[in-house]
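Trainee: Before we start, here is the structure in question, set down as structure tokens.
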Amino acid sequence: MAGVRDYPQRLTRAVRGVQACDARVGALAVADFEPLPPDRGLEFVDGTAEGVLPAALGAAFGRGVLGRFRAWSFDGRPPYAVRVRLRDARWRPGEGAEEGFFRAGRRAAVEASRCVHHGVAPRVRVLDGPGPTAAPRPAVPARAVRGVHVRRMPAGACGGWALGTADFEPLPDDSGLAFAFVCELDEAALPSELAEGFERGVADVLYGADRLPSFGFLVRLREAAWHEVDSGPPGFEAAGRRAAAEALRCLAEGGEPRPSVWPARPAAGRRGRSG
């Protein structure tokens, strides 16, 4: 992997068919990430067919994906010289669609970066359009596993402080999704980069080295606590991995999640609960 002083990196190949979704508002998208000369930096093109997607939603996807890349920039230089081409989308009319496509764009950037650095194909998130695939459906969980509590308070913290409660629910057959994640907390209750870290950890366990997850789960992060100094994305990513492993253990053994005691909120910490 090149160092940040080598930014922007030119992709050696295109990463095509990156799927992203925001299950909260039904925003589904497929994008291609195409190499550009280093002096071109970042570009976004809404390549969906006319009438498929309102322009405001395509623009929101573009803000999300390019904003995620710019957040990884070093000395004003983005990590990649890439053109992001949104080529297919599906959406459910209603409030929040624009924000949903913004979040989908952020997810697409993370998945494309994973593919670049590990030399792998994109994970399957969407089964039934947009961007239909020939992949089989993942196994349907026998039941929901609710109230999975995770507590990480490593000695010295160093960004590892993370607490969360998540529900793992079977995805309906008609959802068209292989995996979905919803953070039910707003930005004030849990910063988006921490929620995204938790999602990455969950996905790493459920997908493993495969393009399909072991089970078709809708994962809801409904309660969390974080520390303004001692919490960071890696800590929440580790918490997500632990939560997913516990949910799979419950399915395999037929039991309920093991209890976790929530400590008192630290003076410099924040806690959020949905509902």
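Order determines the names: the first chain of the structure tokens is A, the second B, and so forth; residues in each chain are numbered 1 upward, and ligands are numbered 1 upward as they are shown.
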Using only C-alpha atoms, what does the table of range 63-150 of chain A residues within 8 Å of range 11-26 of chain A look like, with each row giving the shortest atom pair and its distance in Å to one decimal, sorted by chain and ascending number, as a Markdown table?
Mentor:
| residue | atom | partner | partner_atom | distance |
| --- | --- | --- | --- | --- |
| A:Tyr80 | CA | A:Leu11 | CA | 7.0 |
| A:Ala81 | CA | A:Leu11 | CA | 7.0 |
| A:Val82 | CA | A:Leu11 | CA | 7.2 |
| A:Arg90 | CA | A:Gly26 | CA | 7.7 |
| A:Trp91 | CA | A:Gly26 | CA | 5.5 |
| A:Arg92 | CA | A:Gly26 | CA | 5.3 |
| A:Gly94 | CA | A:Val25 | CA | 7.7 |
| A:Glu95 | CA | A:Val25 | CA | 7.8 |
| A:Gly96 | CA | A:Val25 | CA | 6.4 |
| A:Ala97 | CA | A:Val25 | CA | 5.8 |
| A:Gly100 | CA | A:Asp22 | CA | 5.5 |
| A:Phe101 | CA | A:Asp22 | CA | 7.1 |
| A:Arg103 | CA | A:Asp22 | CA | 6.7 |
| A:Ala104 | CA | A:Cys21 | CA | 5.2 |
| A:Gly105 | CA | A:Ala20 | CA | 7.2 |
| A:Arg107 | CA | A:Ala20 | CA | 6.0 |
| A:Ala108 | CA | A:Ala20 | CA | 5.4 |
| A:Glu111 | CA | A:Val18 | CA | 7.0 |
| A:Ala112 | CA | A:Val18 | CA | 6.6 |
| A:Cys115 | CA | A:Val15 | CA | 7.3 |
| A:Val116 | CA | A:Val15 | CA | 7.5 |
| A:Ala121 | CA | A:Val15 | CA | 7.6 |
| A:Pro122 | CA | A:Val18 | CA | 5.5 |
| A:Arg123 | CA | A:Gln19 | CA | 7.5 |
| A:Val124 | CA | A:Gln19 | CA | 6.8 |
| A:Arg125 | CA | A:Gln19 | CA | 6.0 |
| A:Val126 | CA | A:Gln19 | CA | 6.5 |
| A:Gly131 | CA | A:Gly17 | CA | 7.2 |
Trainee: Going by DSSP on the backbone, which residues of range 90-262 of chain A come out as strand (DSSP E or B)? List them as number ranges by chain.
Mentor: A: 90, 126, 139, 145-152, 160, 162-170, 177, 180-183, 215, 217-227, 231
Trainee: Excluding Arg70 in chain A and its own-chain neighbours fewer than 3 positions away, which residues fall within 12 Å of it when counting only C-alpha atoms? Please give them as a PyMOL selection string.
Mentor: chain A and resi 7-8+41-43+62-67+73-82+106+109
Trainee: Would you please give, as a ChimeraX atom specification, all residues of range 4-151 of chain A that DSSP assigns to alpha helix (DSSP H) based on the backbone?
Mentor: /A:55-71,97-118
Trainee: Now that the selection is made, can you save its residues with C-alpha atoms as a short mmCIF file (atom, residue, chain, number, x, y, z; two decimals), in the first residue's frame?
Mentor:
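Once written, out-v1.cif looks like this:
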data_model
loop_
_atom_site.label_atom_id
_atom_site.label_comp_id
_atom_site.auth_asym_id
_atom_site.auth_seq_id
_atom_site.Cartn_x
_atom_site.Cartn_y
_atom_site.Cartn_z
CA ALA A 55 -30.88 14.88 -10.07
CA ALA A 56 -30.84 15.91 -6.41
CA LEU A 57 -30.46 12.29 -5.30
CA GLY A 58 -27.62 11.61 -7.72
CA ALA A 59 -25.88 14.77 -6.54
CA ALA A 60 -26.30 13.64 -2.91
CA PHE A 61 -24.61 10.32 -3.73
CA GLY A 62 -21.77 12.27 -5.34
CA ARG A 63 -21.33 14.47 -2.27
CA GLY A 64 -21.21 11.40 -0.06
CA VAL A 65 -18.67 9.42 -2.06
CA LEU A 66 -16.35 12.34 -2.86
CA GLY A 67 -16.68 13.74 0.64
CA ARG A 68 -15.52 10.42 2.08
CA PHE A 69 -12.47 10.40 -0.19
CA ARG A 70 -11.66 14.03 0.61
CA ALA A 71 -11.78 13.22 4.32
CA ALA A 97 -34.15 10.10 0.36
CA GLU A 98 -31.45 12.70 -0.27
CA GLU A 99 -29.74 11.96 3.04
CA GLY A 100 -30.04 8.25 2.29
CA PHE A 101 -28.16 8.60 -1.00
CA PHE A 102 -25.53 10.70 0.77
CA ARG A 103 -24.97 7.86 3.25
CA ALA A 104 -24.96 5.32 0.41
CA GLY A 105 -22.21 7.33 -1.27
CA ARG A 106 -20.07 7.18 1.86
CA ARG A 107 -20.57 3.42 2.04
CA ALA A 108 -19.63 3.01 -1.62
CA ALA A 109 -16.35 4.87 -1.07
CA VAL A 110 -15.45 2.59 1.85
CA GLU A 111 -16.24 -0.55 -0.14
CA ALA A 112 -14.28 0.62 -3.19
CA SER A 113 -11.26 1.40 -1.02
CA ARG A 114 -11.46 -2.10 0.51
CA CYS A 115 -11.47 -3.61 -2.98
CA VAL A 116 -8.45 -1.54 -4.06
CA HIS A 117 -6.32 -2.33 -1.04
CA HIS A 118 -7.15 -6.04 -0.82
#
Trainee: May I ask which of the residues A:Gly47, A:Phe168, A:Arg222, A:Val120 is the closest one to Asp210 in chain A, counting only C-alpha atoms?
Mentor: A:Val120
